[in-house]
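Please read the structure below before turning to the comments.
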Amino acid sequence: MSAKRRTLVHWFRKGLRVHDNPALSQIFNDARASPEKFYVRPIFILDPGILDWMQVGANRWRFLQQSLVDLDKKLKELNSRLYIVRGKPVDVFPELFERWNVQLLTFESDIEPYALQRDTTVQKIASEHGVKVDTHCSHTIYNPELVIAKNLGKAPVTYQKFLGIVDKLKLPKVLAVPEGLPDGIKPIADEFEAVDSCVYDCPTLDQLVKRPQELGVNKFPGGETEALRRMEASLIDENWVAAFEKPNTAPNSLEPSTTVLSPYLKFGCLSARLLHERLKEILVRKPKHSKPPVSLVGQLLWREFYYTVAAADPNFDRMLGNAYCLQIPWQKQPDHLEAWTHGRTGYPFIDAIMRQLRQEGWIHHLARHAVACFLTRGDLWISWEDGQRVFEQLLLDQDWALNAGNWMWLSASAFFHQYFRVYSPVAFGKKTDPTGAYIRKYVPELAKYPAGCIYEPWKATLSAQREYGCVLGVDYPHRIVNHDIVHKENIKRMSAAYKVNREVRTGKQEDQNDYEPSPSQSTGKRKASSEAKKTVAKRRR
DNA sequence: AGGAGGTTGATATT
DNA sequence: AATATCAACCTCCT
C-alpha cells in the first residue's frame, strides 16, 4: 500500500480551468518535483449548501455540468482526473484529509460572503488535521483586497478612481497549462472507490438538472475548451477589438453583438488575466484604439471594479445595511414582478429580452439596462433585489458582485445617480432594430405586426390586431403600466427618495416640497418615506 | 463653495 | 451625425 504517500489536493470552485490556474499549478509542480512522495487529487465539491446561498436555474446547472466534464477531460490529458465530492465542505473535508493523508490543499480565493465563511471554516479544519492551505487570487486580474489597501482601506466608489489605483499596480503573470504528471501520481481507481463513499465521477446532466423541462437552447456550452475557442473567435478581427465601444453595440441583434465571454469568466473557464493580456497584445499593434470605460479592456475592468467594491461589504446584494446603497421605498407588486419575470409586461421589447434570458441564459448588457430600469426606477417601482434574484437564477454569467453592482447602478441606488435618464421600453430598442426582428423572434405571437407598431401593439386597432393574429388581452397582454405617465411619477419619487437620503446623510432638513403620489400608487407613500429614513440611518457613515 | 465629469436617455432641432 | 434642452443627481477636484 501507499501509507507513506501524501496527497496534494486542489479544490476547484470557480476557476474551472487548467490554464492560468496558480493553485492547480502549485500542486502539479510539487508533485512533479517528487513523484514518489505524492498523489494528486483535483476535486470539485457538489455542495448542497450553495442552494441556501443562491438560486441556480436549469441552464446554469447544465453549464456547470458541461464545464466539469470538460475539466475532467483536460485533467486526463495531464495524466490526472477530476474527483467529484458530494456533501458540505465542512462535513467531507475531515474525512478526505484523513483517508487521503492530505499534506496540502490549494484553492482560488473568493470574496463572496458564503465562500469567505466556508473557506475560513475549511482552513480551520485543515489546520486541525495538519494540512497546509495555500490560496491564490486568480478569478480577477487585481486582488480586491490589495486595491482596497492601496486606496487607504476604502473601496473606490467611482470607476475613474478605481482606474487610477490599478494603473499603478503591476499585472500578474499569466500561467500556462501545467506540464502533465508522471505515471503513478493518480491513485488507482478501485483503491479510491473502495474507501471513499462520497467521491464520484463527473455528474451526468440528469444528476444536476432537476427540472429538465426548464432547459432552453444550449447556445453557450460550458467548459474551458469552448471558452478558449470563443475567445480566439472574438479576437480574430483585431480591428473590431480595437474599435470596440460598448455603448455602440446592439442589445437586440439576433446574434450577440459582443463576445459572450461572461459565462466563461464567471465560472473561470476563461482566465480574465489571460483575456486581458491577449487584448493588450492586440492594442499594441493597433495604437488607435478605444479606451476604458467603453473598450473591451474597459469591460474587464468594470468586472474588477465591482469585485473590489463588493469585497468591502458583505451586504452588497441588499439595500438594508449596504453602505453603498441609497434607501429607496420600493413597493412589493407580485403581479407586476411576475409579469416582468416571465416576459408578459405587454411591452414587446421588454418581454423579448426577458424571454431570451429565460431561454438562452444570456442577454446583452444594454438589454439588461432596459429591463432593469423598467422593473425599478423607470416603470414598476419594484426593488432591484427582486430583479437581482431573477437574474441570479437565469443568467449563465451570474456573478454575485457584478449582478448586485449592476442592479444598484441601473436602479440609481449606487454608483450611478442620473435617475432622470430613463430608458424608454419603446424607443430604446428601435434605435438598433427598427423593424423589430428581435421581437418577432422572442415574442412570436407578435410576428405579424408591422414595424410601425410592433414596439407599441396597443396602437393597432382591434381589427388590425385580429388581422395580425394577435389580439391584446387574449393572445398577448395589455401593457401593465403606461410608461409615459409612470416614468415621470417615478422620477419625482426618486427625487424625493434622494432628498431623504441626503437629509439623513447631512443631518439637515431641507425645504418641504412633498411630491403627491398618484392615486393608483398612493397607499403608504408617506409611511414608505419614513421607513426609508429609518433604514438610511442604519447605513455606515 | 463651485464647477467638471459621469460607460451606454429621449426628444427636437440643426 | 452633432447639439441643445429637459431637470438636476452624485463624487471628485480645486
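Ordered as shown in the C-alpha cells, chains take letters A, B, and onward, while each chain numbers its residues from 1 and ligands are numbered from 1 in the order shown.
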
Shell around DA10 (chain B) at 9 Å using only C-alpha atoms (C1' of nucleotides), local window under 6 positions removed, as JSON, numbers by chain: {"A": [421, 422, 423, 424, 427, 428]}

At most 9 Å is the cut-off: for each residue in chain B with any atom that close to an atom of chain C, write down the nearest atom pair and the distance in Å rounded to one decimal, counting only C-alpha atoms (C1' of nucleotides), chain first then increasing number, as JSON lines.
```
{"residue": "B:DG3", "atom": "C1'", "partner": "C:DT14", "partner_atom": "C1'", "distance": 8.9}
{"residue": "B:DA4", "atom": "C1'", "partner": "C:DC13", "partner_atom": "C1'", "distance": 8.6}
{"residue": "B:DG5", "atom": "C1'", "partner": "C:DC12", "partner_atom": "C1'", "distance": 8.9}
{"residue": "B:DG6", "atom": "C1'", "partner": "C:DC10", "partner_atom": "C1'", "distance": 8.7}
{"residue": "B:DT11", "atom": "C1'", "partner": "C:DT5", "partner_atom": "C1'", "distance": 8.7}
{"residue": "B:DA12", "atom": "C1'", "partner": "C:DT5", "partner_atom": "C1'", "distance": 8.5}
{"residue": "B:DT13", "atom": "C1'", "partner": "C:DA4", "partner_atom": "C1'", "distance": 7.9}
{"residue": "B:DT14", "atom": "C1'", "partner": "C:DT3", "partner_atom": "C1'", "distance": 7.6}
```

Any chance you could list, as an NGL selection string, the residues in region 224-282 of chain A that come up alpha helix (DSSP H) when DSSP is run on the backbone? :A and (224-235 or 238-243 or 262-266 or 272-282)

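A straight line drawn from CA of Trp409 (chain A) to CA of Gly429 (chain A) is 20.0 Å long.
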
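From CA of Tyr347 (chain A) back to CA of Leu462 (chain A), the distance works out to 17.3 Å.
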
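Remark: for chain C, the closest of the candidate residues A:Asn143, A:Asn501, A:Gln26, A:Thr106 is A:Asn501 (distances computed over only C-alpha atoms (C1' of nucleotides)).
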
Would you list which chain A residues are within 12 Å of chain B using only C-alpha atoms (C1' of nucleotides), as an NGL selection string? :A and (158-161 or 245-251 or 290-299 or 301-302 or 364-370 or 373 or 378 or 409-410 or 415-428 or 431 or 484)

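Residues lying within 12 Å of Val481 (chain A), counting only C-alpha atoms (C1' of nucleotides) and ignoring same-chain neighbours fewer than 3 positions away, are A:Asp335, A:His336, A:Ala339, A:Trp340, A:Arg344, A:Thr345, A:Gly346, A:Tyr347, A:Phe374, A:Leu375, A:Gly378, A:Asp379, A:Leu380, A:Trp381, A:Pro425, A:Trp458, A:Pro477, A:His478, A:Asp484, A:Ile485, A:Val486, A:His487, A:Glu489, A:Ser520, A:Gln521.
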
I need the strand (DSSP E or B) residues of region 72-195 of chain A per DSSP on the backbone, written as an NGL selection string. :A and (83-86 or 102-108 or 132-136)

Quick one: write out the picked residues with all heavy atoms as a compact mmCIF listing (two decimals), in the first residue's frame?
```
# COMPACT_ATOMS: atom_id res chain seq x y z
N TYR A 83 -12.06 14.57 -9.42
CA TYR A 83 -12.85 13.81 -8.45
C TYR A 83 -14.00 14.68 -7.97
O TYR A 83 -13.79 15.79 -7.49
CB TYR A 83 -11.98 13.41 -7.25
CG TYR A 83 -10.79 12.56 -7.63
CD1 TYR A 83 -9.59 13.15 -8.02
CD2 TYR A 83 -10.89 11.17 -7.60
CE1 TYR A 83 -8.50 12.36 -8.38
CE2 TYR A 83 -9.79 10.38 -7.96
CZ TYR A 83 -8.60 10.98 -8.35
OH TYR A 83 -7.53 10.21 -8.70
N ILE A 84 -15.20 14.16 -8.13
CA ILE A 84 -16.37 14.90 -7.65
C ILE A 84 -16.70 14.42 -6.24
O ILE A 84 -16.80 13.21 -6.00
CB ILE A 84 -17.59 14.66 -8.57
CG1 ILE A 84 -17.26 15.07 -10.01
CG2 ILE A 84 -18.81 15.41 -8.04
CD1 ILE A 84 -17.07 16.55 -10.24
N VAL A 85 -16.86 15.36 -5.34
CA VAL A 85 -17.19 15.02 -3.96
C VAL A 85 -18.57 15.57 -3.66
O VAL A 85 -18.87 16.72 -3.97
CB VAL A 85 -16.16 15.64 -2.98
CG1 VAL A 85 -16.49 15.29 -1.54
CG2 VAL A 85 -14.75 15.20 -3.34
N ARG A 86 -19.41 14.74 -3.08
CA ARG A 86 -20.76 15.20 -2.73
C ARG A 86 -20.87 15.40 -1.23
O ARG A 86 -20.53 14.51 -0.45
CB ARG A 86 -21.81 14.18 -3.19
CG ARG A 86 -21.96 14.14 -4.71
CD ARG A 86 -22.95 13.06 -5.14
NE ARG A 86 -22.93 12.88 -6.58
CZ ARG A 86 -23.73 13.54 -7.42
NH1 ARG A 86 -24.61 14.40 -6.97
NH2 ARG A 86 -23.64 13.33 -8.73
N VAL A 102 -3.76 13.86 3.53
CA VAL A 102 -3.52 15.09 2.77
C VAL A 102 -2.43 15.93 3.41
O VAL A 102 -2.41 16.12 4.64
CB VAL A 102 -4.83 15.90 2.66
CG1 VAL A 102 -4.55 17.24 1.97
CG2 VAL A 102 -5.89 15.12 1.89
N GLN A 103 -1.54 16.42 2.58
CA GLN A 103 -0.49 17.32 3.06
C GLN A 103 -0.81 18.77 2.74
O GLN A 103 -0.58 19.67 3.56
CB GLN A 103 0.84 16.95 2.40
CG GLN A 103 1.93 17.99 2.67
CD GLN A 103 3.31 17.47 2.33
OE1 GLN A 103 3.67 16.33 2.64
NE2 GLN A 103 4.10 18.30 1.66
N LEU A 104 -1.34 19.00 1.53
CA LEU A 104 -1.54 20.38 1.08
C LEU A 104 -2.88 20.51 0.36
O LEU A 104 -3.25 19.66 -0.44
CB LEU A 104 -0.40 20.77 0.10
CG LEU A 104 -0.54 22.09 -0.64
CD1 LEU A 104 -0.44 23.28 0.30
CD2 LEU A 104 0.51 22.20 -1.75
N LEU A 105 -3.60 21.59 0.69
CA LEU A 105 -4.83 21.92 -0.01
C LEU A 105 -4.65 23.30 -0.64
O LEU A 105 -4.23 24.24 0.04
CB LEU A 105 -6.01 21.96 0.98
CG LEU A 105 -7.34 22.51 0.46
CD1 LEU A 105 -7.96 21.56 -0.57
CD2 LEU A 105 -8.32 22.75 1.61
N THR A 106 -4.95 23.41 -1.93
CA THR A 106 -4.88 24.73 -2.58
C THR A 106 -6.23 25.06 -3.18
O THR A 106 -6.99 24.17 -3.59
CB THR A 106 -3.82 24.78 -3.70
OG1 THR A 106 -4.24 23.95 -4.79
CG2 THR A 106 -2.45 24.38 -3.20
N PHE A 107 -6.56 26.34 -3.18
CA PHE A 107 -7.76 26.78 -3.92
C PHE A 107 -7.64 28.26 -4.25
O PHE A 107 -6.77 28.97 -3.71
CB PHE A 107 -9.05 26.48 -3.15
CG PHE A 107 -9.13 27.01 -1.74
CD1 PHE A 107 -9.52 28.32 -1.48
CD2 PHE A 107 -8.84 26.18 -0.66
CE1 PHE A 107 -9.62 28.79 -0.18
CE2 PHE A 107 -8.93 26.64 0.65
CZ PHE A 107 -9.32 27.95 0.89
N GLU A 108 -8.52 28.70 -5.16
CA GLU A 108 -8.57 30.09 -5.58
C GLU A 108 -9.38 30.88 -4.57
O GLU A 108 -10.48 30.45 -4.19
CB GLU A 108 -9.22 30.15 -6.97
CG GLU A 108 -9.35 31.53 -7.56
CD GLU A 108 -10.07 31.46 -8.91
OE1 GLU A 108 -11.31 31.28 -8.92
OE2 GLU A 108 -9.39 31.58 -9.94
N LYS A 132 -1.63 21.84 5.28
CA LYS A 132 -1.27 23.19 4.87
C LYS A 132 -2.26 23.67 3.80
O LYS A 132 -2.71 22.88 2.97
CB LYS A 132 0.14 23.16 4.27
CG LYS A 132 0.72 24.51 3.92
CD LYS A 132 2.23 24.36 3.61
CE LYS A 132 2.86 25.70 3.25
NZ LYS A 132 2.63 26.11 1.87
N VAL A 133 -2.62 24.95 3.86
CA VAL A 133 -3.54 25.52 2.87
C VAL A 133 -2.88 26.69 2.18
O VAL A 133 -2.31 27.57 2.84
CB VAL A 133 -4.85 25.99 3.54
CG1 VAL A 133 -5.77 26.68 2.52
CG2 VAL A 133 -5.58 24.83 4.21
N ASP A 134 -2.90 26.69 0.85
CA ASP A 134 -2.41 27.84 0.09
C ASP A 134 -3.51 28.33 -0.85
O ASP A 134 -4.12 27.52 -1.55
CB ASP A 134 -1.16 27.47 -0.73
CG ASP A 134 0.09 27.50 0.13
OD1 ASP A 134 0.15 28.32 1.07
OD2 ASP A 134 0.99 26.68 -0.13
N THR A 135 -3.76 29.63 -0.83
CA THR A 135 -4.78 30.19 -1.72
C THR A 135 -4.13 31.18 -2.68
O THR A 135 -3.07 31.74 -2.40
CB THR A 135 -5.89 30.91 -0.93
OG1 THR A 135 -5.32 32.08 -0.31
CG2 THR A 135 -6.48 30.01 0.13
N HIS A 136 -4.77 31.34 -3.82
CA HIS A 136 -4.25 32.25 -4.85
C HIS A 136 -5.40 33.09 -5.40
O HIS A 136 -6.51 32.58 -5.59
CB HIS A 136 -3.64 31.45 -6.01
CG HIS A 136 -2.49 30.58 -5.58
ND1 HIS A 136 -1.18 30.90 -5.85
CD2 HIS A 136 -2.48 29.40 -4.90
CE1 HIS A 136 -0.39 29.95 -5.36
NE2 HIS A 136 -1.16 29.03 -4.78
```

One decimal place gives the CA of Lys448 (chain A)-CA of Ala464 (chain A) separation as 10.4 Å

Contacts of Ile27 (chain A) within 10 Å, only C-alpha atoms (C1' of nucleotides), excl. fewer than 6 positions in-chain, as a ChimeraX atom specification: /A:7-10,33,38-42,104-106,134,178

With only C-alpha atoms (C1' of nucleotides) as the counted atoms, please give the residues lying no more than 9 Å from Asp183 (chain A), apart from itself and same-chain residues fewer than 2 positions off, as a PyMOL selection string. chain A and resi 35+79+181+185-186

Write the residues of the selection above to a file with N, CA, C and O atoms, as a short mmCIF file (atom, residue, chain, number, x, y, z; two decimals), in the first residue's frame.
```cif
data_model
loop_
_atom_site.label_atom_id
_atom_site.label_comp_id
_atom_site.auth_asym_id
_atom_site.auth_seq_id
_atom_site.Cartn_x
_atom_site.Cartn_y
_atom_site.Cartn_z
N PRO A 35 7.75 12.87 -7.48
CA PRO A 35 6.63 12.00 -7.88
C PRO A 35 6.47 10.78 -6.99
O PRO A 35 5.39 10.21 -6.90
N ASN A 79 -2.67 13.56 -17.39
CA ASN A 79 -2.46 12.32 -16.62
C ASN A 79 -3.03 12.43 -15.20
O ASN A 79 -2.50 11.85 -14.26
N LEU A 181 1.38 15.13 -15.43
CA LEU A 181 2.00 14.42 -14.31
C LEU A 181 2.63 13.13 -14.80
O LEU A 181 2.12 12.51 -15.74
N ILE A 185 1.03 9.01 -10.02
CA ILE A 185 0.61 10.07 -9.11
C ILE A 185 -0.90 10.07 -8.93
O ILE A 185 -1.44 10.57 -7.95
N LYS A 186 -1.57 9.44 -9.91
CA LYS A 186 -3.03 9.32 -9.81
C LYS A 186 -3.33 8.06 -9.01
O LYS A 186 -2.91 6.97 -9.38
#
```

Pick out the closest residue to chain C from this set: A:Ala497, A:Ala227, A:Val284, A:Phe97. Count only C-alpha atoms (C1' of nucleotides). A:Ala497

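If you count only C-alpha atoms (C1' of nucleotides) and ignore residues fewer than 2 places along the chain from Arg17 (chain A), what sits within 10 Å of it is Phe12, Lys14, Gly15, His19, Asp20, Asn21, Leu24, Ser67, Leu68, Asp70, Leu71, Asp72, Lys74, Leu75, Val177, Gly223, Glu224, Thr225, Ala227, Tyr264, Phe267, Gly268, Cys269, Leu270 and Ser271 of chain A.
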